[in-house]
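Undergrad: What follows is query_30.cif, mmCIF, C-alpha atoms and all ligand atoms.
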```cif
data_structure
loop_
_atom_site.group_PDB
_atom_site.id
_atom_site.type_symbol
_atom_site.label_atom_id
_atom_site.label_comp_id
_atom_site.auth_asym_id
_atom_site.auth_seq_id
_atom_site.Cartn_x
_atom_site.Cartn_y
_atom_site.Cartn_z
ATOM 1 C CA MET V 1 -9.126 -57.872 -47.807
ATOM 2 C CA ARG V 2 -7.370 -57.042 -51.047
ATOM 3 C CA ILE V 3 -6.302 -53.585 -52.156
ATOM 4 C CA SER V 4 -5.224 -52.745 -55.673
ATOM 5 C CA PHE V 5 -4.207 -49.774 -57.777
ATOM 6 C CA SER V 6 -4.995 -49.881 -61.506
ATOM 7 C CA GLY V 7 -5.361 -53.655 -61.286
ATOM 8 C CA VAL V 8 -2.076 -54.181 -59.420
ATOM 9 C CA GLU V 9 -2.573 -55.744 -56.006
ATOM 10 C CA ALA V 10 -0.621 -54.159 -53.158
ATOM 11 C CA VAL V 11 -2.499 -56.045 -50.421
ATOM 12 C CA ARG V 12 -3.127 -59.584 -51.663
ATOM 13 C CA GLY V 13 -5.505 -61.053 -49.122
ATOM 14 C CA VAL V 14 -5.157 -60.351 -45.422
ATOM 15 C CA SER V 15 -7.625 -61.310 -42.753
ATOM 16 C CA PHE V 16 -7.384 -60.700 -39.043
ATOM 17 C CA ASP V 17 -9.291 -59.823 -35.904
ATOM 18 C CA VAL V 18 -8.506 -57.191 -33.348
ATOM 19 C CA LEU V 19 -9.356 -58.275 -29.815
ATOM 20 C CA PRO V 20 -10.734 -55.858 -27.222
ATOM 21 C CA GLY V 21 -7.978 -53.935 -25.482
ATOM 22 C CA GLU V 22 -5.051 -55.714 -27.143
ATOM 23 C CA VAL V 23 -1.998 -54.148 -28.749
ATOM 24 C CA LEU V 24 -1.695 -55.654 -32.220
ATOM 25 C CA ALA V 25 1.500 -54.803 -34.081
ATOM 26 C CA LEU V 26 1.831 -54.869 -37.859
ATOM 27 C CA VAL V 27 5.439 -55.312 -38.960
ATOM 28 C CA GLY V 28 7.318 -55.911 -42.202
ATOM 29 C CA GLU V 29 9.597 -54.147 -44.652
ATOM 30 C CA SER V 30 8.685 -50.984 -46.477
ATOM 31 C CA GLY V 31 6.052 -51.618 -49.132
ATOM 32 C CA ALA V 32 4.619 -54.743 -47.465
ATOM 33 C CA GLY V 33 1.165 -53.156 -47.269
ATOM 34 C CA LYS V 34 1.049 -52.267 -43.584
ATOM 35 C CA SER V 35 -0.102 -48.684 -43.994
ATOM 36 C CA LEU V 36 -2.711 -49.583 -46.584
ATOM 37 C CA THR V 37 -4.094 -52.252 -44.260
ATOM 38 C CA ALA V 38 -4.244 -49.785 -41.356
ATOM 39 C CA ARG V 39 -5.791 -47.079 -43.512
ATOM 40 C CA ALA V 40 -8.448 -49.479 -44.744
ATOM 41 C CA LEU V 41 -9.557 -50.008 -41.135
ATOM 42 C CA LEU V 42 -10.049 -46.267 -40.854
ATOM 43 C CA GLY V 43 -11.780 -45.904 -44.213
ATOM 44 C CA MET V 44 -8.883 -43.674 -45.293
ATOM 45 C CA LEU V 45 -7.578 -45.405 -48.419
ATOM 46 C CA PRO V 46 -6.422 -43.193 -51.293
ATOM 47 C CA ARG V 47 -9.223 -42.423 -53.727
ATOM 48 C CA GLU V 48 -7.624 -44.488 -56.491
ATOM 49 C CA ALA V 49 -7.408 -47.636 -54.337
ATOM 50 C CA VAL V 50 -9.842 -50.455 -55.029
ATOM 51 C CA ARG V 51 -10.636 -52.631 -52.050
ATOM 52 C CA SER V 52 -12.362 -55.976 -51.971
ATOM 53 C CA GLY V 53 -13.311 -57.761 -48.814
ATOM 54 C CA SER V 54 -14.628 -55.875 -45.877
ATOM 55 C CA VAL V 55 -13.683 -54.317 -42.633
ATOM 56 C CA GLU V 56 -16.189 -55.109 -39.901
ATOM 57 C CA PRO V 57 -19.368 -53.509 -41.227
ATOM 58 C CA GLU V 58 -19.660 -49.887 -40.254
ATOM 59 C CA LEU V 59 -16.426 -49.714 -38.277
ATOM 60 C CA SER V 60 -14.536 -47.532 -40.704
ATOM 61 C CA ARG V 61 -17.599 -45.351 -41.205
ATOM 62 C CA GLN V 62 -17.445 -44.395 -37.565
ATOM 63 C CA ARG V 63 -13.998 -42.903 -37.591
ATOM 64 C CA GLY V 64 -13.493 -40.656 -34.570
ATOM 65 C CA ARG V 65 -16.050 -42.610 -32.594
ATOM 66 C CA ARG V 66 -15.476 -46.386 -32.744
ATOM 67 C CA ILE V 67 -12.057 -46.198 -34.385
ATOM 68 C CA ALA V 68 -9.572 -43.350 -34.346
ATOM 69 C CA LEU V 69 -6.213 -42.452 -35.833
ATOM 70 C CA VAL V 70 -3.290 -41.393 -33.690
ATOM 71 C CA PRO V 71 -1.494 -38.876 -35.903
ATOM 72 C CA GLN V 72 2.265 -39.083 -36.404
ATOM 73 C CA ASP V 73 3.065 -35.487 -35.843
ATOM 74 C CA ALA V 74 1.718 -33.861 -32.684
ATOM 75 C CA LEU V 75 2.462 -30.355 -33.859
ATOM 76 C CA SER V 76 0.551 -30.498 -37.112
ATOM 77 C CA ALA V 77 -2.284 -32.501 -35.534
ATOM 78 C CA LEU V 78 -3.311 -29.584 -33.342
ATOM 79 C CA SER V 79 -4.530 -26.246 -34.636
ATOM 80 C CA PRO V 80 -2.245 -23.438 -33.470
ATOM 81 C CA VAL V 81 -5.074 -20.904 -33.256
ATOM 82 C CA HIS V 82 -7.438 -22.608 -30.795
ATOM 83 C CA PRO V 83 -6.941 -23.520 -27.156
ATOM 84 C CA VAL V 84 -6.260 -27.235 -26.686
ATOM 85 C CA GLY V 85 -9.402 -27.768 -24.590
ATOM 86 C CA ASP V 86 -11.598 -26.192 -27.275
ATOM 87 C CA GLN V 87 -10.155 -28.549 -29.873
ATOM 88 C CA LEU V 88 -10.863 -31.551 -27.679
ATOM 89 C CA ALA V 89 -14.376 -30.323 -26.917
ATOM 90 C CA ALA V 90 -15.016 -29.844 -30.646
ATOM 91 C CA ALA V 91 -13.911 -33.449 -31.247
ATOM 92 C CA VAL V 92 -16.513 -34.602 -28.726
ATOM 93 C CA ARG V 93 -19.275 -32.472 -30.217
ATOM 94 C CA SER V 94 -18.474 -33.655 -33.740
ATOM 95 C CA VAL V 95 -19.761 -37.126 -32.848
ATOM 96 C CA ARG V 96 -21.899 -36.730 -29.726
ATOM 97 C CA ARG V 97 -24.802 -34.545 -28.758
ATOM 98 C CA VAL V 98 -23.589 -32.981 -25.575
ATOM 99 C CA SER V 99 -23.707 -29.432 -24.294
ATOM 100 C CA ARG V 100 -20.683 -27.145 -24.545
ATOM 101 C CA GLY V 101 -20.212 -27.455 -20.790
ATOM 102 C CA GLU V 102 -20.270 -31.252 -20.903
ATOM 103 C CA ALA V 103 -17.866 -31.335 -23.850
ATOM 104 C CA ARG V 104 -15.535 -29.057 -21.948
ATOM 105 C CA ALA V 105 -15.654 -31.292 -18.866
ATOM 106 C CA LEU V 106 -14.899 -34.325 -21.038
ATOM 107 C CA ALA V 107 -11.958 -32.455 -22.567
ATOM 108 C CA VAL V 108 -10.493 -31.728 -19.147
ATOM 109 C CA ALA V 109 -11.044 -35.339 -18.072
ATOM 110 C CA ALA V 110 -9.295 -36.587 -21.223
ATOM 111 C CA LEU V 111 -6.278 -34.365 -20.513
ATOM 112 C CA GLU V 112 -6.186 -35.718 -16.965
ATOM 113 C CA ARG V 113 -6.269 -39.294 -18.242
ATOM 114 C CA VAL V 114 -3.120 -38.751 -20.277
ATOM 115 C CA GLY V 115 -1.309 -37.317 -17.284
ATOM 116 C CA ILE V 116 -1.551 -33.569 -17.836
ATOM 117 C CA ALA V 117 -1.426 -31.878 -14.443
ATOM 118 C CA ASP V 118 -3.734 -28.961 -13.674
ATOM 119 C CA ALA V 119 -5.813 -29.963 -16.686
ATOM 120 C CA ALA V 120 -8.624 -27.414 -16.226
ATOM 121 C CA ARG V 121 -6.149 -24.555 -16.547
ATOM 122 C CA ARG V 122 -4.056 -26.239 -19.238
ATOM 123 C CA ALA V 123 -7.160 -26.762 -21.354
ATOM 124 C CA ARG V 124 -7.296 -23.006 -21.892
ATOM 125 C CA ALA V 125 -3.722 -22.873 -23.225
ATOM 126 C CA TYR V 126 -2.677 -22.950 -26.888
ATOM 127 C CA PRO V 127 -0.549 -25.768 -28.328
ATOM 128 C CA HIS V 128 2.543 -23.535 -28.501
ATOM 129 C CA GLU V 129 2.296 -23.042 -24.736
ATOM 130 C CA PHE V 130 2.630 -26.820 -24.262
ATOM 131 C CA SER V 131 5.965 -28.631 -24.102
ATOM 132 C CA GLY V 132 6.617 -31.268 -26.775
ATOM 133 C CA GLY V 133 5.728 -34.060 -24.360
ATOM 134 C CA MET V 134 2.494 -32.347 -23.343
ATOM 135 C CA ARG V 135 1.505 -31.864 -26.984
ATOM 136 C CA GLN V 136 2.086 -35.537 -27.541
ATOM 137 C CA ARG V 137 -0.188 -36.303 -24.607
ATOM 138 C CA ALA V 138 -2.825 -33.869 -25.888
ATOM 139 C CA VAL V 139 -2.892 -35.592 -29.279
ATOM 140 C CA ILE V 140 -3.473 -38.933 -27.582
ATOM 141 C CA ALA V 141 -6.232 -37.322 -25.497
ATOM 142 C CA MET V 142 -7.773 -36.119 -28.766
ATOM 143 C CA ALA V 143 -7.646 -39.570 -30.384
ATOM 144 C CA THR V 144 -9.160 -41.251 -27.331
ATOM 145 C CA ILE V 145 -11.679 -38.655 -26.223
ATOM 146 C CA ASN V 146 -14.653 -40.490 -27.680
ATOM 147 C CA GLU V 147 -13.472 -43.780 -26.169
ATOM 148 C CA PRO V 148 -12.973 -45.637 -29.447
ATOM 149 C CA GLU V 149 -12.832 -49.432 -29.477
ATOM 150 C CA ILE V 150 -9.742 -49.288 -31.684
ATOM 151 C CA LEU V 151 -6.889 -46.832 -32.037
ATOM 152 C CA VAL V 152 -4.732 -47.014 -35.146
ATOM 153 C CA ALA V 153 -1.197 -45.642 -34.994
ATOM 154 C CA ASP V 154 1.002 -45.764 -38.109
ATOM 155 C CA GLU V 155 4.644 -45.285 -37.123
ATOM 156 C CA PRO V 156 3.628 -42.981 -34.263
ATOM 157 C CA THR V 157 7.130 -42.601 -32.911
ATOM 158 C CA THR V 158 9.524 -42.444 -35.880
ATOM 159 C CA ALA V 159 10.316 -38.759 -35.390
ATOM 160 C CA LEU V 160 10.750 -39.039 -31.625
ATOM 161 C CA ASP V 161 13.707 -39.587 -29.340
ATOM 162 C CA GLU V 162 13.867 -42.692 -27.161
ATOM 163 C CA GLU V 163 12.291 -41.104 -24.092
ATOM 164 C CA ARG V 164 9.377 -39.564 -25.991
ATOM 165 C CA ARG V 165 8.878 -42.842 -27.853
ATOM 166 C CA GLU V 166 8.402 -44.744 -24.617
ATOM 167 C CA LEU V 167 6.041 -42.060 -23.323
ATOM 168 C CA VAL V 168 3.825 -42.295 -26.395
ATOM 169 C CA LEU V 169 3.797 -46.081 -26.595
ATOM 170 C CA GLY V 170 3.262 -46.415 -22.851
ATOM 171 C CA LEU V 171 0.328 -44.012 -22.961
ATOM 172 C CA LEU V 172 -1.225 -45.659 -26.007
ATOM 173 C CA ARG V 173 -0.903 -49.052 -24.421
ATOM 174 C CA ALA V 174 -2.504 -47.814 -21.196
ATOM 175 C CA GLN V 175 -5.698 -46.748 -22.997
ATOM 176 C CA PRO V 176 -8.643 -49.119 -22.763
ATOM 177 C CA SER V 177 -8.981 -49.128 -26.571
ATOM 178 C CA ALA V 178 -7.343 -51.837 -28.646
ATOM 179 C CA LEU V 179 -4.308 -50.508 -30.492
ATOM 180 C CA VAL V 180 -3.279 -51.410 -34.031
ATOM 181 C CA LEU V 181 0.340 -50.332 -34.234
ATOM 182 C CA VAL V 182 2.157 -50.150 -37.566
ATOM 183 C CA THR V 183 5.869 -50.067 -36.919
ATOM 184 C CA HIS V 184 9.378 -50.908 -38.080
ATOM 185 C CA ASP V 185 10.523 -50.981 -34.488
ATOM 186 C CA VAL V 186 10.701 -54.613 -33.415
ATOM 187 C CA GLU V 187 12.003 -53.679 -29.977
ATOM 188 C CA ALA V 188 8.882 -51.587 -29.432
ATOM 189 C CA VAL V 189 6.787 -54.567 -30.488
ATOM 190 C CA ARG V 190 8.618 -56.757 -27.993
ATOM 191 C CA ARG V 191 8.008 -54.301 -25.186
ATOM 192 C CA HIS V 192 4.500 -53.123 -25.925
ATOM 193 C CA ALA V 193 2.513 -55.474 -28.169
ATOM 194 C CA ASP V 194 0.468 -58.541 -27.293
ATOM 195 C CA ARG V 195 0.183 -59.986 -30.774
ATOM 196 C CA VAL V 196 2.080 -59.391 -33.991
ATOM 197 C CA LEU V 197 1.168 -59.727 -37.652
ATOM 198 C CA VAL V 198 4.137 -60.025 -39.998
ATOM 199 C CA MET V 199 3.465 -58.863 -43.557
ATOM 200 C CA TYR V 200 5.453 -59.621 -46.668
ATOM 201 C CA ALA V 201 4.562 -58.553 -50.204
ATOM 202 C CA GLY V 202 0.943 -57.802 -49.360
ATOM 203 C CA ARG V 203 0.186 -60.922 -47.348
ATOM 204 C CA LEU V 204 0.466 -62.158 -43.790
ATOM 205 C CA VAL V 205 3.329 -64.607 -43.383
ATOM 206 C CA GLU V 206 3.128 -65.081 -39.637
ATOM 207 C CA ALA V 207 0.730 -64.063 -36.873
ATOM 208 C CA GLY V 208 0.655 -64.853 -33.196
ATOM 209 C CA GLY V 209 1.613 -63.930 -29.652
ATOM 210 C CA VAL V 210 4.603 -61.595 -29.531
ATOM 211 C CA GLU V 211 6.762 -63.813 -27.368
ATOM 212 C CA ARG V 212 6.216 -66.896 -29.463
ATOM 213 C CA VAL V 213 6.729 -65.189 -32.817
ATOM 214 C CA LEU V 214 9.711 -63.053 -31.846
ATOM 215 C CA GLU V 215 11.496 -65.671 -29.753
ATOM 216 C CA ALA V 216 10.914 -68.593 -32.098
ATOM 217 C CA PRO V 217 9.817 -67.390 -35.533
ATOM 218 C CA ARG V 218 8.601 -70.064 -37.927
ATOM 219 C CA ALA V 219 8.284 -68.078 -41.138
ATOM 220 C CA PRO V 220 11.719 -67.735 -42.780
ATOM 221 C CA TYR V 221 10.939 -64.103 -43.504
ATOM 222 C CA THR V 222 10.262 -63.329 -39.835
ATOM 223 C CA ALA V 223 13.437 -65.166 -38.864
ATOM 224 C CA GLY V 224 15.465 -63.186 -41.416
ATOM 225 C CA LEU V 225 13.946 -59.890 -40.368
ATOM 226 C CA LEU V 226 14.715 -60.531 -36.700
ATOM 227 C CA ALA V 227 18.225 -61.803 -37.377
ATOM 228 C CA SER V 228 19.047 -58.615 -39.281
ATOM 229 C CA LEU V 229 18.196 -56.398 -36.304
ATOM 230 C CA PRO V 230 20.686 -55.467 -33.614
ATOM 231 C CA ARG V 231 19.889 -56.861 -30.159
ATOM 232 C CA PRO V 232 21.521 -56.206 -26.846
ATOM 233 C CA GLY V 233 23.940 -59.096 -26.291
ATOM 234 C CA GLY V 234 23.465 -60.290 -29.866
ATOM 235 C CA PRO V 235 26.187 -60.926 -32.433
ATOM 236 C CA LYS V 236 28.262 -57.931 -33.578
ATOM 237 C CA ARG V 237 28.127 -58.906 -37.229
ATOM 238 C CA LEU V 238 24.540 -59.227 -38.340
ATOM 239 C CA PRO V 239 23.306 -61.473 -41.093
ATOM 240 C CA VAL V 240 21.691 -59.522 -43.901
ATOM 241 C CA LEU V 241 18.317 -60.305 -45.339
ATOM 242 C CA ALA V 242 19.629 -60.404 -48.899
ATOM 243 C CA GLY V 243 17.638 -59.009 -51.789
ATOM 244 C CA HIS V 244 14.542 -56.837 -51.851
ATOM 245 C CA PRO V 245 10.851 -57.514 -51.471
ATOM 246 C CA PRO V 246 9.058 -57.681 -54.826
ATOM 247 C CA LEU V 247 7.131 -54.677 -56.061
ATOM 248 C CA PRO V 248 3.358 -55.058 -56.299
ATOM 249 C CA GLY V 249 2.551 -56.604 -59.656
ATOM 250 C CA ALA V 250 5.956 -58.304 -59.859
ATOM 251 C CA VAL V 251 5.366 -61.027 -57.275
ATOM 252 C CA ALA V 252 6.676 -64.328 -58.600
ATOM 253 C CA ALA V 253 4.530 -67.466 -58.736
ATOM 254 C CA GLY V 254 4.514 -69.540 -55.580
ATOM 255 C CA CYS V 255 5.763 -68.125 -52.301
ATOM 256 C CA ALA V 256 6.610 -64.431 -52.637
ATOM 257 C CA PHE V 257 9.583 -64.853 -50.289
ATOM 258 C CA ALA V 258 11.056 -67.898 -52.073
ATOM 259 C CA PRO V 259 13.625 -65.928 -54.135
ATOM 260 C CA ARG V 260 15.191 -64.669 -50.868
ATOM 261 C CA CYS V 261 14.646 -67.758 -48.759
ATOM 262 C CA SER V 262 17.380 -70.157 -47.689
ATOM 263 C CA PHE V 263 14.788 -72.887 -47.039
ATOM 264 C CA ALA V 264 13.219 -72.635 -50.515
ATOM 265 C CA ALA V 265 12.480 -75.955 -52.238
ATOM 266 C CA PRO V 266 10.996 -76.613 -55.684
ATOM 267 C CA GLU V 267 7.353 -76.490 -54.528
ATOM 268 C CA CYS V 268 7.913 -73.012 -53.077
ATOM 269 C CA GLY V 269 8.194 -71.664 -56.619
ATOM 270 C CA VAL V 270 4.917 -73.298 -57.581
ATOM 271 C CA SER V 271 2.266 -72.768 -54.910
ATOM 272 C CA GLU V 272 1.806 -69.904 -52.495
ATOM 273 C CA PRO V 273 1.554 -71.266 -48.940
ATOM 274 C CA GLU V 274 -1.642 -70.569 -47.022
ATOM 275 C CA LEU V 275 -1.613 -69.107 -43.530
ATOM 276 C CA ARG V 276 -2.077 -72.146 -41.276
ATOM 277 C CA GLU V 277 -1.847 -73.082 -37.639
ATOM 278 C CA GLY V 278 1.634 -74.337 -36.742
ATOM 279 C CA ASP V 279 3.577 -74.376 -33.485
ATOM 280 C CA GLY V 280 1.043 -72.194 -31.676
ATOM 281 C CA ARG V 281 0.775 -69.405 -34.244
ATOM 282 C CA LEU V 282 -0.322 -68.919 -37.830
ATOM 283 C CA VAL V 283 2.400 -69.306 -40.421
ATOM 284 C CA ALA V 284 2.446 -69.265 -44.222
ATOM 285 C CA CYS V 285 5.376 -71.463 -45.212
ATOM 286 C CA HIS V 286 5.610 -74.920 -46.793
ATOM 287 C CA HIS V 287 8.554 -75.773 -44.574
ATOM 288 C CA TRP V 288 7.935 -73.995 -41.297
ATOM 289 C CA GLU V 289 8.916 -77.105 -39.321
ATOM 290 C CA LEU V 290 12.498 -76.682 -40.603
ATOM 291 C CA VAL V 291 12.833 -73.033 -39.565
HETATM 292 N N1 LIG U 1 -1.583 -44.261 -53.832
HETATM 293 C C1 LIG U 1 -0.945 -45.337 -54.314
HETATM 294 N N2 LIG U 1 -0.880 -45.578 -55.639
HETATM 295 C C2 LIG U 1 -0.256 -46.683 -56.136
HETATM 296 N N3 LIG U 1 0.344 -47.587 -55.372
HETATM 297 C C3 LIG U 1 0.321 -47.413 -54.045
HETATM 298 C C4 LIG U 1 -0.319 -46.279 -53.437
HETATM 299 N N4 LIG U 1 -0.175 -46.387 -52.097
HETATM 300 C C5 LIG U 1 0.519 -47.510 -51.869
HETATM 301 N N5 LIG U 1 0.811 -48.135 -53.028
HETATM 302 C C6 LIG U 1 1.556 -49.405 -53.200
HETATM 303 O O1 LIG U 1 1.269 -50.250 -52.119
HETATM 304 C C7 LIG U 1 2.465 -50.752 -51.535
HETATM 305 C C8 LIG U 1 2.241 -50.899 -50.054
HETATM 306 O O2 LIG U 1 2.161 -49.613 -49.468
HETATM 307 P P1 LIG U 1 2.097 -49.374 -47.893
HETATM 308 O O3 LIG U 1 2.205 -47.904 -47.685
HETATM 309 O O4 LIG U 1 0.933 -50.057 -47.313
HETATM 310 O O5 LIG U 1 3.443 -50.091 -47.405
HETATM 311 P P2 LIG U 1 4.026 -50.168 -45.948
HETATM 312 O O6 LIG U 1 4.205 -51.591 -45.631
HETATM 313 O O7 LIG U 1 3.206 -49.376 -45.002
HETATM 314 O O8 LIG U 1 5.443 -49.497 -46.141
HETATM 315 P P3 LIG U 1 6.118 -48.317 -45.267
HETATM 316 O O9 LIG U 1 6.664 -49.021 -44.077
HETATM 317 O O10 LIG U 1 7.173 -47.817 -46.181
HETATM 318 O O11 LIG U 1 5.053 -47.330 -44.954
HETATM 319 C C9 LIG U 1 3.534 -49.745 -51.896
HETATM 320 O O12 LIG U 1 4.762 -50.358 -52.120
HETATM 321 C C10 LIG U 1 3.051 -49.169 -53.197
HETATM 322 O O13 LIG U 1 3.596 -49.911 -54.268
#
```
Translate the structure of the given file into structure tokens.
Ligand SMILES: Nc1ncnc2c1ncn2[C@@H]1O[C@H](COP(=O)(O)OP(=O)(O)OP(=O)(O)O)[C@@H](O)[C@H]1O
TA:
Amino acid sequence: MRISFSGVEAVRGVSFDVLPGEVLALVGESGAGKSLTARALLGMLPREAVRSGSVEPELSRQRGRRIALVPQDALSALSPVHPVGDQLAAAVRSVRRVSRGEARALAVAALERVGIADAARRARAYPHEFSGGMRQRAVIAMATINEPEILVADEPTTALDEERRELVLGLLRAQPSALVLVTHDVEAVRRHADRVLVMYAGRLVEAGGVERVLEAPRAPYTAGLLASLPRPGGPKRLPVLAGHPPLPGAVAAGCAFAPRCSFAAPECGVSEPELREGDGRLVACHHWELV
């Protein structure tokens, strides 16, 4: 998949699968193309975006049913003027032909699944009568009510404190749907994801099992990103990933990371490395064996 704006490519060729039930994290610096990639899955690209390549046929056309977005902000995701259960029931009836009574029962069941006690009574309450944590749960119930195959969450926890963050990620992970999680939070990836895709300048530079990639990265960019993050027991002074990622349209010839890379050799300025199998993951680097 490629995504461009006025001829400038922001996503420059990414290809990946999402496996049933897995948590797939998408990481990388700001501007790498993570959100655009996630939005493309949902069929929610900005109007001015031009996409080539496809998302599994029909998937993004069935938003709300086969694939669903977990909104960032629980408060604005729920209407203040309707009881929570009614909103959930409406989400069911927007994609399925069921009676009002059945939709209502499904709404209560969905609230139960996300751990809301006394769900039948709570379903009649308005969002402002819910605590913050309960609203968060209700939003997840809303996203999952039609049992989508894939949930997409773009930075679902940035505005939340530590405790709430773990609640949301734990709940999302416990759903039977696969989860595509866009995040800056590498610790959350370590704790909750099965597989990770690392993006740099609109491409994938590394992809594989979380343990393998985070414990022994092979793309210099992944290694730099991880080294620049604080870790419990890690060094007090952190190395800095010097420089900035290139802006779309200003990506140099060859490997996009070469100008920042301490392993860069002459060929890195000439040809862009393909994503290839190496050391049990996929890695796009001419010199991954040295990393
Ligand atoms: N509507 C738009 N018009 C023009 N360019 C855009 C538009 N949306 C995104 N872009 C370009 O695409 C690049 C990638 O955007 P994207 O939001 O996918 O990055 P990201 O990796 O999710 O970053 P962040 O972590 O900051 O959300 C941006 O740097 C920007 O240059």
Undergrad: I'd like to know which of V:Gly43, V:Gly234, V:Gly269, V:Pro127 is closest to Pro80 in chain V, using all atoms listed in the file.
TA: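 Going through V:Gly43, V:Gly234, V:Gly269, V:Pro127 one by one, the smallest distance to Pro80 in chain V is for V:Pro127.
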Undergrad: Would you pick out the contacts of Glu277 in chain V at 10 Å or less, using all atoms listed in the file, so that residues sharing its chain but fewer than 4 positions from it are not included, and give the list as a PDB file with C-alpha atoms, in the frame of the given file?
TA:
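Wrote selection.pdb, looks like this:
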```pdb
ATOM      1  CA  GLU V 206       3.128 -65.081 -39.637  1.00  0.00           C
ATOM      2  CA  ALA V 207       0.730 -64.063 -36.873  1.00  0.00           C
ATOM      3  CA  GLY V 208       0.655 -64.853 -33.196  1.00  0.00           C
ATOM      4  CA  ARG V 281       0.775 -69.405 -34.244  1.00  0.00           C
ATOM      5  CA  LEU V 282      -0.322 -68.919 -37.830  1.00  0.00           C
ATOM      6  CA  VAL V 283       2.400 -69.306 -40.421  1.00  0.00           C
ATOM      7  CA  ALA V 284       2.446 -69.265 -44.222  1.00  0.00           C
TER       8      ALA V 284
END
```
Undergrad: Quick one, how far is CA of Ala201 in chain V from CA of Val23 in chain V?
TA: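 For CA of Ala201 in chain V relative to CA of Val23 in chain V, the distance reads 22.9 Å.
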Undergrad: Around ligand LIG 1 (chain U), at most 6 Å away and counting all atoms listed in the file, which residues are there? Put them as a ChimeraX atom specification, please.
TA: /V:5,10,29-36,46,248
Undergrad: If you count only C-alpha atoms, which residues fall within 9 Å of Gln175 in chain V, apart from same-chain ones fewer than 4 positions away, as a list in words?
TA: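 With the cut-off at 9 Å, the set is Gly21, Arg113, Val114, Thr144, Glu147, Gly170, Leu171 and Leu179 of chain V.
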Undergrad: Which is closer to Asn146 in chain V than all the others in V:Cys285, V:Val180, V:Gly13, V:Arg65, using only C-alpha atoms?
TA: V:Arg65
Undergrad: Hey, can you pull every residue with an atom no more than 12 Å from (8.8, -40.8, -30.6), using only C-alpha atoms, and send it as a PDB file with C-alpha atoms, keeping the file's coordinate frame?
TA:
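As written to disk, selection_3.pdb reads:
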```pdb
ATOM      1  CA  PRO V  71      -1.494 -38.876 -35.903  1.00  0.00           C
ATOM      2  CA  GLN V  72       2.265 -39.083 -36.404  1.00  0.00           C
ATOM      3  CA  ASP V  73       3.065 -35.487 -35.843  1.00  0.00           C
ATOM      4  CA  ALA V  74       1.718 -33.861 -32.684  1.00  0.00           C
ATOM      5  CA  GLY V 132       6.617 -31.268 -26.775  1.00  0.00           C
ATOM      6  CA  GLY V 133       5.728 -34.060 -24.360  1.00  0.00           C
ATOM      7  CA  GLN V 136       2.086 -35.537 -27.541  1.00  0.00           C
ATOM      8  CA  ARG V 137      -0.188 -36.303 -24.607  1.00  0.00           C
ATOM      9  CA  ALA V 153      -1.197 -45.642 -34.994  1.00  0.00           C
ATOM     10  CA  ASP V 154       1.002 -45.764 -38.109  1.00  0.00           C
ATOM     11  CA  GLU V 155       4.644 -45.285 -37.123  1.00  0.00           C
ATOM     12  CA  PRO V 156       3.628 -42.981 -34.263  1.00  0.00           C
ATOM     13  CA  THR V 157       7.130 -42.601 -32.911  1.00  0.00           C
ATOM     14  CA  THR V 158       9.524 -42.444 -35.880  1.00  0.00           C
ATOM     15  CA  ALA V 159      10.316 -38.759 -35.390  1.00  0.00           C
ATOM     16  CA  LEU V 160      10.750 -39.039 -31.625  1.00  0.00           C
ATOM     17  CA  ASP V 161      13.707 -39.587 -29.340  1.00  0.00           C
ATOM     18  CA  GLU V 162      13.867 -42.692 -27.161  1.00  0.00           C
ATOM     19  CA  GLU V 163      12.291 -41.104 -24.092  1.00  0.00           C
ATOM     20  CA  ARG V 164       9.377 -39.564 -25.991  1.00  0.00           C
ATOM     21  CA  ARG V 165       8.878 -42.842 -27.853  1.00  0.00           C
ATOM     22  CA  GLU V 166       8.402 -44.744 -24.617  1.00  0.00           C
ATOM     23  CA  LEU V 167       6.041 -42.060 -23.323  1.00  0.00           C
ATOM     24  CA  VAL V 168       3.825 -42.295 -26.395  1.00  0.00           C
ATOM     25  CA  LEU V 169       3.797 -46.081 -26.595  1.00  0.00           C
ATOM     26  CA  GLY V 170       3.262 -46.415 -22.851  1.00  0.00           C
ATOM     27  CA  LEU V 171       0.328 -44.012 -22.961  1.00  0.00           C
ATOM     28  CA  THR V 183       5.869 -50.067 -36.919  1.00  0.00           C
ATOM     29  CA  ASP V 185      10.523 -50.981 -34.488  1.00  0.00           C
ATOM     30  CA  ALA V 188       8.882 -51.587 -29.432  1.00  0.00           C
TER      31      ALA V 188
END
```
Undergrad: For Phe16 in chain V, which residue out of V:Glu267, V:Leu41, V:Pro273, V:Val152 is the nearest one, using only C-alpha atoms?
TA: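 Among the listed residues, the smallest separation from Phe16 in chain V belongs to V:Leu41.
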Undergrad: CA of Ala174 in chain V and CA of Ala89 in chain V, how far apart in Å?
TA: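 Computing it gives 21.9 Å between the two atoms.
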Undergrad: Applying the PyMOL selection byres (((chain V and resi 270) around 9) and not hetatm) to the file I just gave you, which residues come out? Please list them as a list in words.
TA: Ala253, Gly254, Cys255, Pro266, Glu267, Cys268, Gly269, Ser271 and Glu272 of chain V
Undergrad: Assuming the chain letters and numbering stay as they are in my file, what does the PyMOL selection byres (((chain V and resi 123) around 10) and not hetatm) actually select? List them as JSON, numbers by chain.
TA: {"V": [83, 84, 85, 86, 87, 88, 89, 104, 105, 107, 108, 109, 111, 116, 118, 119, 120, 121, 122, 124, 125, 126, 127, 138]}
Undergrad: For His287 in chain V, which of V:Arg231, V:Leu275, V:Met199, V:Pro220 is the closest residue, counting all atoms listed in the file?
TA: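 Ranked by minimum distance to His287 in chain V, first place goes to V:Pro220.
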Undergrad: Mind checking which residues fall within 10 Å of Glu289 in chain V, counting only C-alpha atoms, ignoring those fewer than 3 positions away in the same chain, and posting them as JSON, numbers by chain?
TA: {"V": [218, 219, 278, 279, 285, 286]}
